[in-house]
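Student: This is the content of upload17.txt (compact mmCIF, C-alpha atoms):
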# COMPACT_ATOMS: atom_id res chain seq x y z
CA MET A 34 57.82 32.62 35.41
CA LEU A 35 58.52 29.96 38.03
CA ASP A 36 60.17 31.14 41.26
CA ILE A 37 63.08 28.72 41.73
CA LYS A 38 65.11 29.12 44.91
CA THR A 39 68.75 28.03 44.68
CA HIS A 40 70.71 26.60 47.61
CA TYR A 41 74.34 26.29 46.58
CA ALA A 42 76.58 23.34 47.41
CA GLY A 43 79.36 24.19 49.86
CA SER A 44 82.32 23.37 47.66
CA PRO A 45 82.13 22.29 44.00
CA LYS A 46 83.35 18.82 43.08
CA ALA A 47 86.30 18.41 40.75
CA LEU A 48 85.21 17.73 37.18
CA PRO A 49 85.83 14.05 36.38
CA PHE A 50 86.64 14.75 32.73
CA ALA A 51 89.47 17.19 33.49
CA ASP A 52 91.69 14.18 32.69
CA PRO A 53 91.10 13.45 28.96
CA ASN A 54 91.74 9.74 29.62
CA ALA A 55 89.09 9.51 32.34
CA ASP A 56 86.39 6.90 31.83
CA LEU A 57 83.08 8.52 32.67
CA GLY A 58 81.10 5.31 32.26
CA PHE A 59 77.35 5.76 32.42
CA GLY A 60 75.37 7.06 35.41
CA LYS A 61 78.11 6.66 38.03
CA LEU A 62 79.05 10.32 38.58
CA PHE A 63 76.72 13.17 39.54
CA THR A 64 76.82 16.96 39.49
CA ASP A 65 76.83 19.31 42.48
CA HIS A 66 73.11 20.16 42.41
CA MET A 67 69.66 18.77 41.63
CA PHE A 68 66.21 20.26 41.04
CA VAL A 69 63.24 19.30 43.25
CA SER A 70 59.56 20.23 43.36
CA ARG A 71 56.93 18.80 45.70
CA TYR A 72 53.22 18.15 45.26
CA ALA A 73 50.51 17.82 47.92
CA GLU A 74 46.85 17.20 47.16
CA GLY A 75 44.85 20.38 47.85
CA HIS A 76 47.95 22.57 47.58
CA GLY A 77 49.35 21.59 44.17
CA TRP A 78 53.02 21.90 43.21
CA SER A 79 55.19 24.06 45.43
CA SER A 80 58.72 24.73 46.68
CA SER A 81 60.59 24.39 43.40
CA GLU A 82 64.27 24.49 44.36
CA ILE A 83 67.76 23.71 43.24
CA ILE A 84 69.57 22.07 46.13
CA PRO A 85 72.92 20.34 46.66
CA TYR A 86 72.92 16.81 45.22
CA GLY A 87 72.35 14.29 47.99
CA PRO A 88 70.07 11.67 49.55
CA LEU A 89 66.30 12.15 49.57
CA GLU A 90 64.56 11.92 52.93
CA MET A 91 61.51 9.70 52.64
CA ASP A 92 59.08 7.95 54.95
CA PRO A 93 59.50 4.14 54.94
CA ALA A 94 55.81 3.85 54.00
CA ALA A 95 56.15 6.10 50.89
CA SER A 96 54.05 4.74 48.04
CA VAL A 97 57.05 4.56 45.70
CA LEU A 98 58.60 1.93 47.98
CA HIS A 99 55.51 -0.26 48.31
CA TYR A 100 53.51 0.24 45.13
CA GLY A 101 56.14 1.30 42.62
CA GLN A 102 54.62 4.71 41.90
CA ALA A 103 57.64 5.97 39.97
CA LEU A 104 58.64 6.89 36.45
CA PHE A 105 61.55 8.62 34.80
CA GLU A 106 62.64 10.15 31.54
CA GLY A 107 66.13 10.29 30.09
CA MET A 108 67.71 12.86 27.80
CA LYS A 109 71.13 14.33 27.13
CA ALA A 110 72.72 17.76 26.87
CA PHE A 111 75.59 18.10 24.39
CA ARG A 112 78.34 20.70 24.16
CA ARG A 113 78.85 21.92 20.60
CA ASP A 114 82.13 23.13 19.10
CA ASP A 115 81.16 26.77 19.76
CA GLY A 116 80.71 25.98 23.49
CA SER A 117 76.90 26.21 23.42
CA ILE A 118 74.81 23.49 25.09
CA TRP A 119 72.01 21.78 23.21
CA LEU A 120 69.13 19.43 24.05
CA PHE A 121 67.14 17.30 21.65
CA ARG A 122 63.37 17.95 21.84
CA PRO A 123 62.82 18.04 25.64
CA GLU A 124 59.13 18.79 25.05
CA TYR A 125 58.74 15.14 24.00
CA ASN A 126 60.19 14.03 27.33
CA PHE A 127 57.71 16.33 29.09
CA LYS A 128 54.80 14.86 27.13
CA ARG A 129 55.90 11.26 27.80
CA MET A 130 56.23 12.02 31.51
CA GLY A 131 52.68 13.39 31.47
CA ASP A 132 51.37 10.28 29.72
CA GLY A 133 53.18 8.08 32.25
CA ALA A 134 51.95 10.15 35.20
CA ASP A 135 48.36 9.69 34.06
CA ARG A 136 48.90 5.93 33.69
CA LEU A 137 50.44 5.63 37.19
CA CYS A 138 47.92 7.99 38.84
CA LEU A 139 50.60 10.54 39.72
CA PRO A 140 50.22 14.32 39.40
CA GLN A 141 52.03 15.65 36.33
CA PRO A 142 54.47 18.50 36.95
CA SER A 143 53.48 21.57 34.95
CA ARG A 144 55.35 22.50 31.80
CA ALA A 145 56.89 25.43 33.70
CA ILE A 146 58.19 23.17 36.48
CA PHE A 147 59.64 20.66 34.00
CA MET A 148 61.14 23.07 31.46
CA GLN A 149 62.17 25.98 33.68
CA GLY A 150 63.53 23.63 36.35
CA LEU A 151 65.55 21.82 33.68
CA LYS A 152 66.84 25.07 32.17
CA ALA A 153 67.79 26.59 35.55
CA LEU A 154 69.62 23.43 36.62
CA LEU A 155 71.50 23.16 33.31
CA GLN A 156 72.45 26.81 33.48
CA LEU A 157 73.88 26.35 36.98
CA GLU A 158 75.66 23.09 36.11
CA GLN A 159 76.85 23.93 32.59
CA ARG A 160 80.50 23.30 33.54
CA TRP A 161 79.52 19.61 33.90
CA VAL A 162 78.69 19.16 30.19
CA PRO A 163 81.76 17.28 28.92
CA PRO A 164 83.44 18.59 25.76
CA ALA A 165 84.76 15.29 24.37
CA GLN A 166 83.11 13.69 21.36
CA GLY A 167 80.92 10.76 22.40
CA SER A 168 80.25 12.24 25.84
CA SER A 169 77.29 14.22 27.17
CA LEU A 170 75.45 15.27 30.31
CA TYR A 171 72.72 12.71 30.99
CA ILE A 172 69.54 14.22 32.41
CA ARG A 173 67.19 12.10 34.54
CA PRO A 174 63.82 13.76 35.36
CA THR A 175 62.02 11.49 37.86
CA LEU A 176 58.53 11.50 39.41
CA ILE A 177 57.67 9.44 42.50
CA GLY A 178 54.78 9.02 44.93
CA THR A 179 55.94 10.02 48.41
CA GLU A 180 52.83 9.88 50.59
CA ALA A 181 53.22 7.55 53.56
CA PHE A 182 50.35 5.06 53.51
CA LEU A 183 49.69 1.35 53.09
CA GLY A 184 46.59 1.01 50.97
CA VAL A 185 45.51 0.66 47.38
CA ARG A 186 44.94 4.16 45.98
CA PRO A 187 46.96 6.88 44.27
CA ALA A 188 49.41 8.82 46.42
CA ALA A 189 48.30 12.31 47.49
CA GLU A 190 51.92 13.53 47.68
CA ALA A 191 54.64 13.38 45.05
CA LEU A 192 58.18 14.52 44.33
CA PHE A 193 59.56 15.55 40.97
CA PHE A 194 63.33 15.81 40.73
CA ILE A 195 66.03 16.14 38.09
CA ILE A 196 69.56 14.83 38.50
CA LEU A 197 72.49 15.17 36.09
CA SER A 198 75.36 12.81 35.29
CA PRO A 199 78.31 13.39 32.93
CA VAL A 200 78.54 10.25 30.79
CA GLY A 201 80.55 8.55 28.10
CA SER A 202 79.14 5.78 25.97
CA TYR A 203 76.29 3.69 27.40
CA TYR A 204 78.04 0.57 26.12
CA ALA A 205 81.44 -0.48 27.49
CA GLU A 206 82.77 -1.11 23.97
CA GLY A 207 82.00 2.48 22.97
CA VAL A 208 80.12 3.89 20.03
CA LYS A 209 79.99 0.89 17.72
CA PRO A 210 77.06 -0.83 16.05
CA VAL A 211 74.87 -2.59 18.58
CA LYS A 212 73.64 -6.12 17.92
CA ILE A 213 69.91 -6.43 18.49
CA TRP A 214 67.38 -9.23 18.46
CA LEU A 215 64.15 -8.56 16.55
CA GLU A 216 61.24 -10.52 17.95
CA THR A 217 58.34 -10.99 15.55
CA SER A 218 55.95 -13.22 17.50
CA ASP A 219 56.27 -12.53 21.26
CA VAL A 220 55.48 -9.19 22.90
CA ARG A 221 57.60 -7.40 25.47
CA ALA A 222 54.65 -5.72 27.15
CA SER A 223 50.97 -6.56 26.91
CA VAL A 224 48.32 -4.13 25.71
CA GLY A 225 46.98 -2.12 28.65
CA GLY A 226 50.08 -2.77 30.75
CA LEU A 227 52.90 -0.44 31.74
CA GLY A 228 55.24 -1.16 28.83
CA ALA A 229 55.00 2.38 27.45
CA VAL A 230 55.48 4.05 30.87
Hey, can you dump this file as structure tokens for me?
Tutor:
Amino acid sequence: MLDIKTHYAGSPKALPFADPNADLGFGKLFTDHMFVSRYAEGHGWSSSEIIPYGPLEMDPAASVLHYGQALFEGMKAFRRDDGSIWLFRPEYNFKRMGDGADRLCLPQPSRAIFMQGLKALLQLEQRWVPPAQGSSLYIRPTLIGTEAFLGVRPAAEALFFIILSPVGSYYAEGVKPVKIWLETSDVRASVGGLGAV
């Protein structure tokens, strides 16, 4: 069992969906807390914590800023009619993050860090899961290289964090059929590139 320390936010924010006519939009509002875990080469993953949501302190030479060592997943938590909160196959998000971490030469957070961190954060922030149909709590697990260096090699330090955002529909026009373009001859991402990460 992962030892997750919790540092509570001073005063909880008002829930934006208390007004049934409120427009949550997508990814504009954030909960009171976030989950963080840090990695250092030679020490592994440590200091898994839930902390108040806020800015991340980072060295200006962090590899994420210069070499793009970053990847994220996206999933949603839904409130059911009985009040319970459900996720859809988070183990697939964990596996994809691992595949992406390998491709970007970043250390993969363990299953315990990913799943238990996610569960602990959702348990603490369950009041943020909106009840209205068509709304959900968007979950953004993110992995970035944080070591300060200017050189071409994988970062020896990393940060894994999870933030939460109550959301309505991703599209401004709501839940309606989406028009898509099917391309049959050109590729979006070349073989061997980062298109799947």
Student: Between A:Pro53, A:Pro140, A:Pro199, A:Gly150, which has the minimum distance to A:Arg112 (counting only C-alpha atoms)?
Tutor: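 Selected residue with least distance to A:Arg112: A:Pro199.
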Student: Identify which of the residues A:Gly131, A:Pro93, A:Gly178, A:Pro85 lies closest to A:Glu158, counting only C-alpha atoms when measuring atom-to-atom distances.
Tutor: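 Ranking A:Gly131, A:Pro93, A:Gly178, A:Pro85 by distance to A:Glu158, first place goes to A:Pro85.
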Student: If I wrap all listed atoms of stretch 211-217 of chain A in a box with edges along x, y and z and add 8 Å on each side, what are its centre and edge lengths in Å to one decimal, as AutoDock Vina command-line options?
Tutor:
--center_x 66.6 --center_y -6.8 --center_z 17.1 --size_x 32.5 --size_y 24.4 --size_z 19.0
Student: If you measure from atom CA of A:Leu154 to atom CA of A:Pro187, what distance in Å do you get, rounded to one decimal?
Tutor: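 Taking atom CA of A:Leu154 and atom CA of A:Pro187, their separation equals 29.1 Å.
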Student: Compare A:Leu155, A:Val185, A:Leu192, A:Ile172 by their minimum atom-to-atom distance to A:Ile118, counting all atoms listed in the file, and give me the closest one.
Tutor: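 Of A:Leu155, A:Val185, A:Leu192, A:Ile172, the one nearest A:Ile118, counting all atoms listed in the file, is A:Leu155.
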